[in-house]
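**Student:** Following this line is data_11.csv, made up of CSV, C-alpha atoms:
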```csv
chain,number,residue,atom,x,y,z
E,273,MET,CA,-21.7,-40.2,-90.9
E,274,LYS,CA,-22.0,-37.2,-93.3
E,275,ALA,CA,-22.5,-34.9,-90.4
E,276,ASP,CA,-19.5,-36.3,-88.6
E,277,ASN,CA,-17.3,-35.8,-91.7
E,278,GLU,CA,-18.3,-32.2,-92.0
E,279,GLU,CA,-17.6,-31.6,-88.4
E,280,LEU,CA,-14.1,-33.2,-88.9
E,281,ASN,CA,-13.3,-31.1,-91.9
E,282,GLN,CA,-14.4,-28.0,-90.0
E,283,GLN,CA,-12.2,-29.0,-87.1
E,284,LYS,CA,-9.2,-29.5,-89.4
E,285,ASP,CA,-9.6,-26.0,-90.7
E,286,GLU,CA,-9.8,-24.6,-87.2
E,287,ASN,CA,-6.7,-26.4,-86.1
E,288,SER,CA,-4.7,-25.4,-89.1
E,289,ALA,CA,-5.2,-21.8,-88.1
E,290,VAL,CA,-4.9,-21.9,-84.3
E,291,ALA,CA,-2.0,-23.1,-82.2
E,292,ARG,CA,-3.7,-25.3,-79.6
E,293,ASP,CA,-0.6,-26.0,-77.5
E,294,ALA,CA,-0.8,-22.7,-75.6
E,295,PRO,CA,-1.7,-23.1,-72.0
E,296,VAL,CA,-5.1,-21.8,-71.0
E,297,SER,CA,-5.2,-19.9,-67.8
E,298,GLU,CA,-7.9,-21.1,-65.5
E,299,GLU,CA,-8.6,-21.5,-61.8
E,300,LEU,CA,-6.7,-24.2,-60.0
E,301,SER,CA,-8.7,-27.2,-59.1
E,302,GLU,CA,-7.1,-28.4,-55.9
E,303,SER,CA,-5.8,-26.1,-53.2
E,304,LEU,CA,-4.4,-26.1,-49.7
E,305,ALA,CA,-5.0,-23.5,-47.1
E,306,TYR,CA,-3.9,-23.1,-43.5
E,307,GLU,CA,-4.8,-21.4,-40.2
E,308,VAL,CA,-2.7,-21.0,-37.1
E,309,VAL,CA,-4.2,-19.9,-33.8
E,310,VAL,CA,-2.6,-19.3,-30.5
E,311,THR,CA,-4.7,-19.3,-27.4
E,312,ASP,CA,-3.7,-18.6,-23.8
E,313,LYS,CA,-4.4,-20.9,-20.8
E,314,GLU,CA,-7.9,-19.4,-20.6
E,315,GLY,CA,-8.6,-20.3,-24.2
E,316,GLN,CA,-8.5,-16.7,-25.4
E,317,VAL,CA,-7.2,-16.1,-28.9
E,318,MET,CA,-3.9,-14.2,-28.8
E,319,GLN,CA,-2.6,-14.6,-32.4
E,320,ARG,CA,-4.0,-15.8,-35.7
E,321,GLU,CA,-2.8,-16.2,-39.3
E,322,ASN,CA,-4.6,-17.6,-42.3
E,323,GLY,CA,-3.0,-18.2,-45.6
E,324,ILE,CA,-2.9,-20.1,-48.9
E,325,SER,CA,-0.4,-22.9,-48.5
E,326,HIS,CA,2.8,-22.8,-50.6
E,327,SER,CA,3.6,-26.3,-49.9
E,328,PHE,CA,2.6,-29.5,-51.6
E,329,THR,CA,6.0,-31.3,-51.9
E,330,GLU,CA,7.7,-33.6,-54.3
E,331,ALA,CA,7.0,-36.5,-51.8
E,332,TRP,CA,3.3,-35.9,-51.9
E,333,ASN,CA,3.2,-36.2,-55.7
E,334,LYS,CA,5.5,-39.2,-55.7
E,335,LEU,CA,3.5,-41.1,-53.1
E,336,ILE,CA,0.3,-40.7,-55.1
E,337,ASN,CA,2.4,-41.8,-58.1
E,338,CYS,CA,3.5,-45.0,-56.4
E,339,ASN,CA,-0.1,-46.1,-56.0
E,340,ALA,CA,-1.3,-44.7,-59.3
E,341,ARG,CA,1.2,-46.7,-61.4
E,342,GLN,CA,1.8,-49.5,-58.9
E,343,GLY,CA,5.5,-48.7,-59.0
E,344,SER,CA,8.3,-47.4,-56.9
E,345,ASN,CA,9.9,-44.0,-56.4
E,346,THR,CA,12.9,-42.8,-54.6
E,347,ILE,CA,11.8,-40.3,-51.9
E,348,LYS,CA,13.7,-38.7,-49.1
E,349,ASP,CA,12.3,-39.5,-45.7
E,350,THR,CA,12.2,-36.9,-42.9
E,351,SER,CA,15.7,-37.6,-41.9
E,352,GLY,CA,17.0,-36.8,-45.4
E,353,THR,CA,17.7,-40.4,-46.3
E,354,GLU,CA,16.6,-41.5,-49.8
E,355,ARG,CA,14.3,-44.5,-49.7
E,356,SER,CA,12.9,-46.6,-52.5
E,357,VAL,CA,9.2,-47.1,-51.8
E,358,GLY,CA,6.5,-48.8,-53.8
E,359,ALA,CA,2.7,-48.8,-53.6
E,360,ALA,CA,1.3,-49.2,-50.1
E,361,SER,CA,-1.9,-49.0,-48.3
E,362,SER,CA,-0.6,-46.7,-45.6
E,363,HIS,CA,0.9,-44.0,-47.8
E,364,LEU,CA,-0.2,-40.4,-46.9
E,365,ARG,CA,-1.3,-41.5,-43.4
E,366,ALA,CA,-1.2,-38.4,-41.2
E,367,SER,CA,-3.0,-39.7,-38.2
E,368,ALA,CA,-0.9,-39.5,-35.0
E,369,GLY,CA,-1.6,-40.1,-31.4
E,370,ILE,CA,-0.7,-38.0,-28.4
E,371,GLY,CA,3.0,-37.3,-28.3
E,372,ASP,CA,3.7,-38.9,-31.7
E,373,VAL,CA,5.7,-36.5,-33.9
E,374,SER,CA,6.8,-39.1,-36.5
E,375,ARG,CA,3.7,-38.0,-38.5
E,376,GLY,CA,1.0,-35.5,-38.4
E,377,ILE,CA,1.1,-31.7,-38.2
E,378,ARG,CA,4.3,-30.2,-36.8
E,379,VAL,CA,5.5,-26.7,-36.1
E,380,GLY,CA,9.1,-25.4,-36.2
E,381,ARG,CA,11.4,-22.4,-36.0
E,382,GLY,CA,12.8,-22.5,-39.6
E,383,THR,CA,12.4,-19.6,-41.9
E,384,THR,CA,14.0,-21.0,-45.1
E,385,PRO,CA,11.5,-20.5,-48.0
E,386,VAL,CA,9.6,-23.6,-49.1
E,387,ASP,CA,11.2,-25.7,-51.7
E,388,ILE,CA,9.5,-28.4,-53.7
E,389,SER,CA,12.3,-30.8,-52.7
E,390,GLY,CA,12.0,-30.0,-49.0
E,391,TYR,CA,11.9,-33.2,-47.0
E,392,ALA,CA,11.4,-32.0,-43.4
E,393,LEU,CA,10.7,-28.9,-41.3
E,394,GLU,CA,13.9,-26.9,-41.0
E,395,ASP,CA,13.9,-26.7,-37.2
E,396,PRO,CA,11.0,-28.7,-35.8
E,397,VAL,CA,9.8,-28.2,-32.2
E,398,ASP,CA,10.3,-31.4,-30.3
E,399,GLU,CA,7.6,-33.2,-28.2
E,400,GLY,CA,7.9,-32.7,-24.5
E,401,THR,CA,7.7,-30.3,-21.6
E,402,GLY,CA,11.3,-29.1,-21.6
E,403,PRO,CA,12.4,-25.7,-22.7
E,404,GLY,CA,11.1,-24.8,-26.1
E,405,GLN,CA,9.1,-27.9,-26.5
E,406,LEU,CA,5.4,-28.6,-27.1
E,407,SER,CA,3.0,-31.4,-26.1
E,408,HIS,CA,1.5,-32.7,-29.3
E,409,GLN,CA,-2.1,-33.8,-29.2
E,410,GLU,CA,-3.9,-36.4,-31.4
E,411,MET,CA,-4.4,-35.5,-35.0
E,412,GLN,CA,-8.0,-34.6,-35.9
E,413,PHE,CA,-9.8,-34.8,-39.3
E,414,SER,CA,-13.1,-33.7,-40.6
E,415,THR,CA,-15.1,-35.6,-43.2
E,416,PRO,CA,-15.0,-34.3,-46.8
E,417,VAL,CA,-18.1,-32.2,-47.5
E,418,VAL,CA,-19.5,-30.7,-50.7
E,419,VAL,CA,-20.6,-27.1,-50.6
E,420,GLY,CA,-21.5,-25.7,-54.0
E,421,SER,CA,-18.8,-26.5,-56.5
E,422,GLU,CA,-16.2,-27.4,-53.8
E,423,CYS,CA,-15.4,-30.4,-51.8
E,424,SER,CA,-13.1,-30.0,-48.8
E,425,PHE,CA,-11.9,-31.5,-45.6
E,426,LYS,CA,-9.7,-30.3,-42.7
E,427,LEU,CA,-6.9,-31.8,-40.6
E,428,TRP,CA,-5.7,-30.1,-37.5
E,429,ARG,CA,-3.6,-30.6,-34.4
E,430,VAL,CA,-3.4,-28.8,-31.0
E,431,MET,CA,0.0,-28.5,-29.3
E,432,PHE,CA,0.1,-27.3,-25.7
E,433,ASN,CA,2.8,-25.5,-23.9
E,434,TYR,CA,3.5,-27.2,-20.6
E,435,THR,CA,7.1,-26.0,-20.3
E,436,GLY,CA,6.5,-23.4,-17.6
E,437,ALA,CA,7.8,-20.6,-19.9
E,438,LEU,CA,7.0,-18.9,-23.1
E,439,VAL,CA,7.7,-20.9,-26.3
E,440,THR,CA,8.8,-18.5,-28.9
E,441,GLY,CA,9.9,-18.2,-32.5
E,442,ILE,CA,7.5,-20.5,-34.3
E,443,ARG,CA,7.8,-19.6,-38.0
E,444,GLU,CA,7.1,-22.8,-39.9
E,445,ILE,CA,4.3,-25.4,-40.1
E,446,GLY,CA,3.9,-28.7,-42.0
E,447,CYS,CA,2.6,-32.2,-42.1
E,448,TYR,CA,4.5,-35.5,-42.0
E,449,VAL,CA,2.9,-38.5,-43.5
E,450,MET,CA,3.7,-42.2,-43.8
E,451,MET,CA,5.6,-43.5,-46.8
E,452,ALA,CA,5.6,-47.0,-45.6
E,453,PRO,CA,7.5,-47.9,-43.6
E,454,TYR,CA,9.1,-44.4,-43.3
E,455,TYR,CA,7.9,-40.9,-43.0
E,456,ALA,CA,7.9,-38.0,-45.5
E,457,LEU,CA,7.0,-34.3,-45.6
E,458,ALA,CA,3.7,-33.8,-47.4
E,459,PHE,CA,3.5,-30.0,-47.2
E,460,ARG,CA,5.3,-27.2,-45.4
E,461,ASP,CA,4.7,-23.4,-45.0
E,462,VAL,CA,6.7,-20.5,-43.6
E,463,LEU,CA,4.5,-18.2,-41.7
E,464,ALA,CA,4.3,-14.5,-42.3
E,465,SER,CA,4.9,-13.7,-38.6
E,466,SER,CA,6.5,-15.3,-35.6
E,467,PHE,CA,4.3,-17.1,-33.1
E,468,SER,CA,4.8,-17.4,-29.4
E,469,VAL,CA,2.8,-19.7,-27.2
E,470,PRO,CA,2.4,-18.8,-23.5
E,471,ASP,CA,2.8,-21.3,-20.7
E,472,GLY,CA,-0.4,-23.2,-20.4
E,473,GLY,CA,-1.6,-22.0,-23.8
E,474,ALA,CA,-1.8,-23.8,-27.1
E,475,ILE,CA,-1.1,-23.5,-30.8
E,476,THR,CA,-3.6,-25.1,-33.2
E,477,VAL,CA,-2.6,-25.6,-36.9
E,478,THR,CA,-5.4,-26.4,-39.4
E,479,TYR,CA,-4.9,-27.3,-43.0
E,480,GLU,CA,-7.8,-27.5,-45.5
E,481,ILE,CA,-7.6,-29.5,-48.7
E,482,LYS,CA,-10.1,-28.5,-51.3
E,483,VAL,CA,-11.0,-29.4,-54.8
E,484,SER,CA,-13.3,-27.3,-56.9
E,485,ALA,CA,-15.0,-28.0,-60.2
W,270,MET,CA,2.1,-20.1,-54.4
W,271,ARG,CA,2.5,-23.9,-54.5
W,272,ARG,CA,-0.5,-25.7,-55.9
W,273,ARG,CA,-1.6,-29.0,-57.2
W,274,GLU,CA,-2.5,-28.7,-60.8
W,275,LEU,CA,-3.9,-31.0,-63.4
W,276,TRP,CA,-3.4,-30.5,-67.1
W,277,TYR,CA,-4.7,-32.5,-70.0
W,278,SER,CA,-4.0,-32.6,-73.7
W,279,VAL,CA,-5.9,-34.4,-76.4
W,280,VAL,CA,-4.4,-35.4,-79.8
W,281,VAL,CA,-6.5,-36.9,-82.6
W,282,ARG,CA,-4.9,-38.7,-85.5
W,283,ASP,CA,-6.3,-40.0,-88.7
W,284,HIS,CA,-5.7,-43.5,-90.1
W,285,ASP,CA,-2.3,-42.4,-91.5
W,286,GLY,CA,-1.2,-41.2,-88.1
W,287,GLU,CA,-1.5,-37.5,-89.1
W,288,VAL,CA,-2.5,-35.2,-86.3
W,289,ILE,CA,-5.8,-33.6,-87.2
W,290,SER,CA,-6.7,-32.0,-83.9
W,291,ARG,CA,-5.2,-31.0,-80.7
W,292,GLU,CA,-6.2,-29.4,-77.4
W,293,ARG,CA,-4.3,-28.6,-74.2
W,294,ARG,CA,-5.6,-26.9,-71.2
W,295,LYS,CA,-5.7,-26.9,-67.4
W,296,SER,CA,-8.2,-29.4,-66.1
W,297,HIS,CA,-11.2,-28.2,-64.2
W,298,SER,CA,-11.8,-31.5,-62.8
W,299,PHE,CA,-10.6,-33.0,-59.6
W,300,LEU,CA,-13.8,-34.5,-58.2
W,301,LYS,CA,-15.2,-35.2,-54.8
W,302,GLN,CA,-14.0,-38.8,-55.0
W,303,TRP,CA,-10.4,-37.5,-55.3
W,304,ASN,CA,-10.6,-35.6,-52.1
W,305,GLN,CA,-12.4,-38.5,-50.4
W,306,LEU,CA,-9.6,-40.9,-51.4
W,307,VAL,CA,-7.0,-38.4,-50.1
W,308,ALA,CA,-8.9,-38.2,-46.8
W,309,CYS,CA,-9.2,-42.0,-46.7
W,310,GLN,CA,-5.4,-42.3,-46.9
W,311,MET,CA,-4.6,-39.5,-44.5
W,312,VAL,CA,-7.0,-40.3,-41.7
W,313,PRO,CA,-6.9,-43.3,-42.5
W,314,TRP,CA,-10.3,-44.9,-43.1
W,315,GLU,CA,-10.3,-48.3,-41.5
W,316,GLY,CA,-13.5,-50.1,-40.5
W,317,PHE,CA,-17.0,-48.9,-40.5
W,318,GLY,CA,-18.0,-45.4,-39.6
W,319,PHE,CA,-16.6,-43.5,-42.5
W,320,PRO,CA,-18.5,-42.2,-45.6
W,321,ASN,CA,-18.8,-44.5,-48.5
W,322,ILE,CA,-17.5,-43.3,-51.9
W,323,LYS,CA,-19.8,-43.3,-54.9
W,324,ALA,CA,-18.4,-45.8,-57.4
W,325,THR,CA,-18.6,-45.4,-61.2
W,326,ASP,CA,-21.6,-47.7,-61.2
W,327,GLY,CA,-23.5,-45.3,-58.9
W,328,THR,CA,-23.4,-47.6,-55.9
W,329,TYR,CA,-21.7,-46.6,-52.6
W,330,TRP,CA,-18.5,-48.4,-51.8
W,331,PRO,CA,-17.2,-48.9,-48.2
W,332,VAL,CA,-13.8,-47.5,-49.1
W,333,GLY,CA,-10.7,-48.0,-46.9
W,334,ILE,CA,-7.0,-48.2,-47.2
W,335,GLY,CA,-7.2,-51.9,-47.6
W,336,ALA,CA,-4.1,-54.0,-47.8
W,337,HIS,CA,-2.5,-53.6,-51.2
W,338,GLY,CA,-2.0,-50.0,-52.0
W,339,TYR,CA,-4.5,-50.0,-54.8
W,340,ASN,CA,-6.2,-46.7,-53.9
W,341,PHE,CA,-5.5,-44.3,-56.8
W,342,ARG,CA,-4.4,-47.2,-59.1
W,343,MET,CA,-4.9,-46.0,-62.7
W,344,ASN,CA,-2.5,-48.0,-64.8
W,345,GLY,CA,-5.3,-49.5,-66.9
W,346,TYR,CA,-4.8,-52.7,-68.9
W,347,ALA,CA,-5.2,-53.0,-72.6
W,348,ASN,CA,-8.9,-53.5,-73.5
W,349,ALA,CA,-9.9,-52.5,-70.0
W,350,ASP,CA,-12.4,-49.6,-69.9
W,351,ASP,CA,-13.0,-49.7,-66.1
W,352,PHE,CA,-9.8,-47.9,-64.9
W,353,GLY,CA,-7.2,-45.5,-66.2
W,354,ILE,CA,-8.0,-42.7,-68.5
W,355,VAL,CA,-11.5,-43.1,-70.0
W,356,ILE,CA,-13.4,-41.1,-72.7
W,357,GLY,CA,-17.0,-40.4,-73.5
W,358,THR,CA,-19.4,-38.5,-75.6
W,359,GLY,CA,-21.2,-36.6,-72.9
W,360,SER,CA,-21.0,-32.8,-72.8
W,361,THR,CA,-22.8,-31.9,-69.6
W,362,PRO,CA,-20.5,-29.5,-67.7
W,363,VAL,CA,-18.4,-30.9,-64.8
W,364,THR,CA,-19.7,-30.7,-61.3
W,365,VAL,CA,-17.6,-31.7,-58.2
W,366,SER,CA,-20.1,-34.5,-57.4
W,367,ASP,CA,-19.9,-36.2,-60.8
W,368,TYR,CA,-19.1,-39.9,-60.2
W,369,ALA,CA,-18.7,-41.2,-63.7
W,370,LEU,CA,-18.4,-40.0,-67.3
W,371,GLU,CA,-21.8,-39.0,-68.7
W,372,ASN,CA,-21.7,-41.4,-71.6
W,373,GLN,CA,-18.6,-43.5,-71.6
W,374,ILE,CA,-17.2,-45.0,-74.8
W,375,ARG,CA,-16.8,-48.7,-74.1
W,376,GLN,CA,-14.1,-51.1,-75.1
W,377,GLY,CA,-14.7,-52.8,-78.5
W,378,THR,CA,-15.0,-52.5,-82.2
W,379,GLY,CA,-18.8,-52.1,-82.4
W,380,PRO,CA,-20.6,-48.9,-83.3
W,381,GLY,CA,-19.5,-46.1,-81.0
W,382,GLN,CA,-16.8,-48.2,-79.3
W,383,MET,CA,-13.0,-47.9,-79.3
W,384,ASP,CA,-10.1,-50.2,-78.5
W,385,HIS,CA,-8.5,-49.1,-75.2
W,386,LEU,CA,-4.7,-49.4,-75.2
W,387,VAL,CA,-2.7,-49.6,-72.0
W,388,CYS,CA,-2.9,-46.6,-69.7
W,389,THR,CA,0.7,-45.6,-68.9
W,390,VAL,CA,1.6,-43.8,-65.7
W,391,ALA,CA,5.1,-42.3,-65.8
W,392,ALA,CA,7.2,-41.9,-62.7
W,393,SER,CA,7.2,-38.5,-61.0
W,394,VAL,CA,9.8,-36.0,-62.4
W,395,VAL,CA,11.1,-33.1,-60.4
W,396,SER,CA,12.1,-30.0,-62.4
W,397,ASP,CA,12.1,-27.1,-59.9
W,398,PRO,CA,9.7,-25.5,-59.3
W,399,ASP,CA,7.5,-28.4,-60.5
W,400,CYS,CA,7.1,-32.0,-59.7
W,401,ASP,CA,4.8,-33.8,-62.0
W,402,PHE,CA,3.9,-37.1,-63.6
W,403,LEU,CA,2.2,-38.0,-66.8
W,404,ILE,CA,-0.7,-40.3,-67.4
W,405,SER,CA,-1.4,-41.2,-71.0
W,406,ARG,CA,-3.7,-43.5,-72.9
W,407,SER,CA,-4.5,-44.0,-76.6
W,408,PHE,CA,-7.7,-45.2,-78.0
W,409,ALA,CA,-8.1,-46.7,-81.5
W,410,ASN,CA,-11.3,-46.3,-83.5
W,411,ASN,CA,-11.9,-49.5,-85.4
W,412,SER,CA,-15.7,-49.2,-85.2
W,413,GLY,CA,-16.2,-48.5,-88.9
W,414,GLY,CA,-17.5,-45.0,-88.4
W,415,SER,CA,-16.3,-41.8,-86.9
W,416,ILE,CA,-16.9,-41.1,-83.2
W,417,THR,CA,-17.1,-37.7,-81.5
W,418,VAL,CA,-15.3,-37.6,-78.1
W,419,ARG,CA,-16.4,-34.8,-75.8
W,420,GLU,CA,-15.3,-35.8,-72.4
W,421,SER,CA,-12.5,-37.6,-70.6
W,422,GLY,CA,-11.7,-38.6,-67.1
W,423,ILE,CA,-9.7,-40.9,-64.8
W,424,TYR,CA,-11.1,-44.0,-63.1
W,425,VAL,CA,-9.1,-45.4,-60.2
W,426,TRP,CA,-9.3,-48.4,-58.0
W,427,MET,CA,-10.8,-48.3,-54.5
W,428,GLU,CA,-10.0,-50.7,-51.7
W,429,ARG,CA,-12.4,-51.7,-48.9
W,430,CYS,CA,-12.5,-50.8,-45.2
W,431,VAL,CA,-14.0,-54.1,-44.3
W,432,SER,CA,-13.5,-57.7,-45.4
W,433,PRO,CA,-13.3,-59.0,-48.0
W,434,PHE,CA,-10.1,-57.1,-48.8
W,435,THR,CA,-9.7,-58.7,-52.2
W,436,SER,CA,-12.7,-56.9,-53.6
W,437,TYR,CA,-12.3,-53.6,-55.4
W,438,ALA,CA,-14.5,-50.9,-57.0
W,439,ARG,CA,-13.7,-48.0,-59.3
W,440,ALA,CA,-14.1,-44.2,-58.6
W,441,CYS,CA,-14.1,-41.4,-61.1
W,442,VAL,CA,-11.6,-38.9,-59.6
W,443,VAL,CA,-11.2,-36.5,-62.6
W,444,ARG,CA,-13.6,-35.5,-65.4
W,445,ASP,CA,-13.2,-32.9,-68.1
W,446,VAL,CA,-15.5,-31.7,-71.0
W,447,PHE,CA,-13.4,-30.7,-74.0
W,448,SER,CA,-13.8,-27.1,-75.2
W,449,THR,CA,-13.9,-28.6,-78.8
W,450,PRO,CA,-15.5,-31.9,-79.6
W,451,GLN,CA,-12.9,-34.2,-81.0
W,452,VAL,CA,-14.0,-36.3,-84.0
W,453,VAL,CA,-12.0,-39.5,-84.4
W,454,PRO,CA,-12.3,-40.9,-87.9
W,455,ASP,CA,-12.6,-44.7,-88.5
W,456,GLY,CA,-9.1,-46.1,-88.5
W,457,GLY,CA,-7.8,-43.1,-86.5
W,458,GLY,CA,-7.1,-42.7,-82.8
W,459,ILE,CA,-7.2,-40.3,-79.9
W,460,THR,CA,-4.6,-39.9,-77.2
W,461,VAL,CA,-5.4,-38.3,-73.9
W,462,ASN,CA,-2.7,-37.1,-71.5
W,463,TYR,CA,-3.0,-35.8,-68.0
W,464,THR,CA,-0.2,-34.2,-66.1
W,465,LEU,CA,-0.6,-34.2,-62.3
W,466,ARG,CA,1.6,-31.4,-61.1
W,467,VAL,CA,2.7,-29.7,-57.9
W,468,THR,CA,4.0,-26.3,-58.7
W,469,GLU,CA,4.7,-22.8,-57.4
```
Let me see the file written as C-alpha cells.
**Tutor:**
Amino acid sequence: MKADNEELNQQKDENSAVARDAPVSEELSESLAYEVVVTDKEGQVMQRENGISHSFTEAWNKLINCNARQGSNTIKDTSGTERSVGAASSHLRASAGIGDVSRGIRVGRGTTPVDISGYALEDPVDEGTGPGQLSHQEMQFSTPVVVGSECSFKLWRVMFNYTGALVTGIREIGCYVMMAPYYALAFRDVLASSFSVPDGGAITVTYEIKVSA
Amino acid sequence: MRRRELWYSVVVRDHDGEVISRERRKSHSFLKQWNQLVACQMVPWEGFGFPNIKATDGTYWPVGIGAHGYNFRMNGYANADDFGIVIGTGSTPVTVSDYALENQIRQGTGPGQMDHLVCTVAASVVSDPDCDFLISRSFANNSGGSITVRESGIYVWMERCVSPFTSYARACVVRDVFSTPQVVPDGGGITVNYTLRVTE
C-alpha cells in the first residue's frame, strides 16, 4: 500500500508538469494496400501498380459500429440512397460469384479524388462482353496469416476482357460490401496511371488488409 | 493517405473526482483476432473449413458470421468483465498474437478487483477527413486499496460457424500497455476511451 501511494504521488507530480493530451506520433496499426496487374491473353504481365490505399470509407467504420454497439446507423448505399441499418451477420460480406457486381472488387473510370463520404465508384465498369465492359470472376480470399509482428489477409478478383476490343481508361478501384440488405462502398482508390486491358486479357485487383503490433 | 487508426486515452480520478493522471496516445494494438473477424465477415466464414479464432480463455472457437450480427459486439454490461473495454495489471509488450490481457482486473470489490460500469459505444461521427466512433468505459475501485493499471484492451463477441448458433465466445481484438502505469486509489476510478477512426 505504501509503495502504491508513493507511486501515486510521484505520478501526480509528473502530470502536473506535463501536458498529456498531446497526440503521440506512432506507426499506424491497421493498413490497406492494393496491387493492380493487367495481363494479355497469354498471361504475360503488361502493366502493374502497387500502392498504399487511401480508402477506408465512412461506411466501413459505420458498419463495424453497428455490430460493436448493436445499434443502427444511416449509411448511403451504392446507389446514393441513405439507409438505416442495424447490426447484422452479413455486414462487410465481399464475396461475389461470377458476374455479380453488387459486391466485391470493382474497377471504374472515375478520377475524382477519394473522399471519406464516397459511397460508390464514380464510373464503374459494368459486367458483360459489350464495349467497355469486363467479365467479373468470383471473389477470392486468403486466410489471415501472422508473419512477425503483422497479421494480414488478401482479397482479389480477376476481370476478363471478352469484348473483342481494348478496354481503356481504368483509373479507379474499390470494393463493395453488404450492409444488409443493401450494399455499400468499403474502400476506393484512384490509380496513379490509366490501365487498359487487351481483348482476351485480364485485370486483377488485390487488396491486402494488415494489422501490426 | 487514408488509414484506420485507433487512439486511446486514460483518465484516473481520486475519490473526490479530481483528475490525478491522464494519458492519450495512438494505440499499437489491433490484434490478429481483429483481422480474423474482418476476414470472417468479408469472406464470409460459414461452416467448417476456416481457421478457428483463439478466444480469451485460450481455447479455439469455430468462428463464423452466425445469425445475429454479434461479431465485434463490445457494448459491455455493467458488472460484466468479459466484453467491452477491459483493464489489467500486465506489462508485457503487445504482440499481434496476444489473445487476452496478461493479467485482467476482474469485476468485484475484492482485493485487486474493480467495478465495471457499462461500456458505451457511440455512433460513428463524420468530420471530414475523419470518421470515428468512441468506445468508453469507467471502472470504480472499491477494493479498499489502490490498484495499478498497466494494460487495457477490447474484448468482443464471436459467433459460430456451426450449430448451435446461440453460443458465443469472446475475442481480444485490441491490447495496449500504458506508457505510464496508472495508480487508481481506493474510492477512485479510471476511464478508458478508445477512438476507432478512419482518416486521411
**Student:** Choose the residue, out of W:Asp285, W:Asp326, W:Asp367, W:Glu292, that has the smallest atom-to-atom separation from Ser484 of chain E; count only C-alpha atoms.
**Tutor:**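 Smallest distance to Ser484 of chain E is found for W:Asp367.
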**Student:** Under the rule that all atoms listed in the file are counted, which of E:Arg378, E:Arg443, E:Arg365, E:Lys482 is the nearest residue to chain W?
**Tutor:** E:Arg365
**Student:** For a test of reading the model, state the distance in Å between atom CA of Val430 of chain E and atom CA of Gln409 of chain E, rounded to one decimal.
**Tutor:** 5.5 Å
**Student:** Distance atom CA of Cys430 of chain W-atom CA of Gly353 of chain W, one decimal place?
**Tutor:**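 These two atoms are separated by 22.3 Å.
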**Student:** Please identify all polymer residues lying at most 10 Å from the point (-6.1, -37.5, -88.3) (file coordinates), using all atoms listed in the file, and present the result as a tab-separated table (two decimals) with C-alpha atoms, in the frame of the given file.
**Tutor:**
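Listing of out17.tsv after writing:
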```
chain	number	residue	atom	x	y	z
E	280	LEU	CA	-14.10	-33.20	-88.90
E	284	LYS	CA	-9.20	-29.50	-89.40
W	280	VAL	CA	-4.40	-35.40	-79.80
W	281	VAL	CA	-6.50	-36.90	-82.60
W	282	ARG	CA	-4.90	-38.70	-85.50
W	283	ASP	CA	-6.30	-40.00	-88.70
W	284	HIS	CA	-5.70	-43.50	-90.10
W	285	ASP	CA	-2.30	-42.40	-91.50
W	286	GLY	CA	-1.20	-41.20	-88.10
W	287	GLU	CA	-1.50	-37.50	-89.10
W	288	VAL	CA	-2.50	-35.20	-86.30
W	289	ILE	CA	-5.80	-33.60	-87.20
W	290	SER	CA	-6.70	-32.00	-83.90
W	452	VAL	CA	-14.00	-36.30	-84.00
W	453	VAL	CA	-12.00	-39.50	-84.40
W	454	PRO	CA	-12.30	-40.90	-87.90
W	455	ASP	CA	-12.60	-44.70	-88.50
W	456	GLY	CA	-9.10	-46.10	-88.50
W	457	GLY	CA	-7.80	-43.10	-86.50
W	458	GLY	CA	-7.10	-42.70	-82.80
W	459	ILE	CA	-7.20	-40.30	-79.90
```
**Student:** W:Thr468, W:Asn411, W:Asn372, W:Asn348: which is nearest chain E, counting all atoms listed in the file?
**Tutor:**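 Using all atoms listed in the file, the shortest distance to chain E belongs to W:Thr468.
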**Student:** List every protein, DNA or RNA residue that has at least one atom no more than 7 Å from (-0.5, -42.8, -49.0) in the file's coordinates, counting only C-alpha atoms, and write the result as a list of chain:residue names.
**Tutor:** E:Leu335, E:Ile336, E:Ala360, E:Ser361, E:Ser362, E:His363, E:Leu364, E:Arg365, E:Met450, E:Met451, W:Gln310, W:Met311
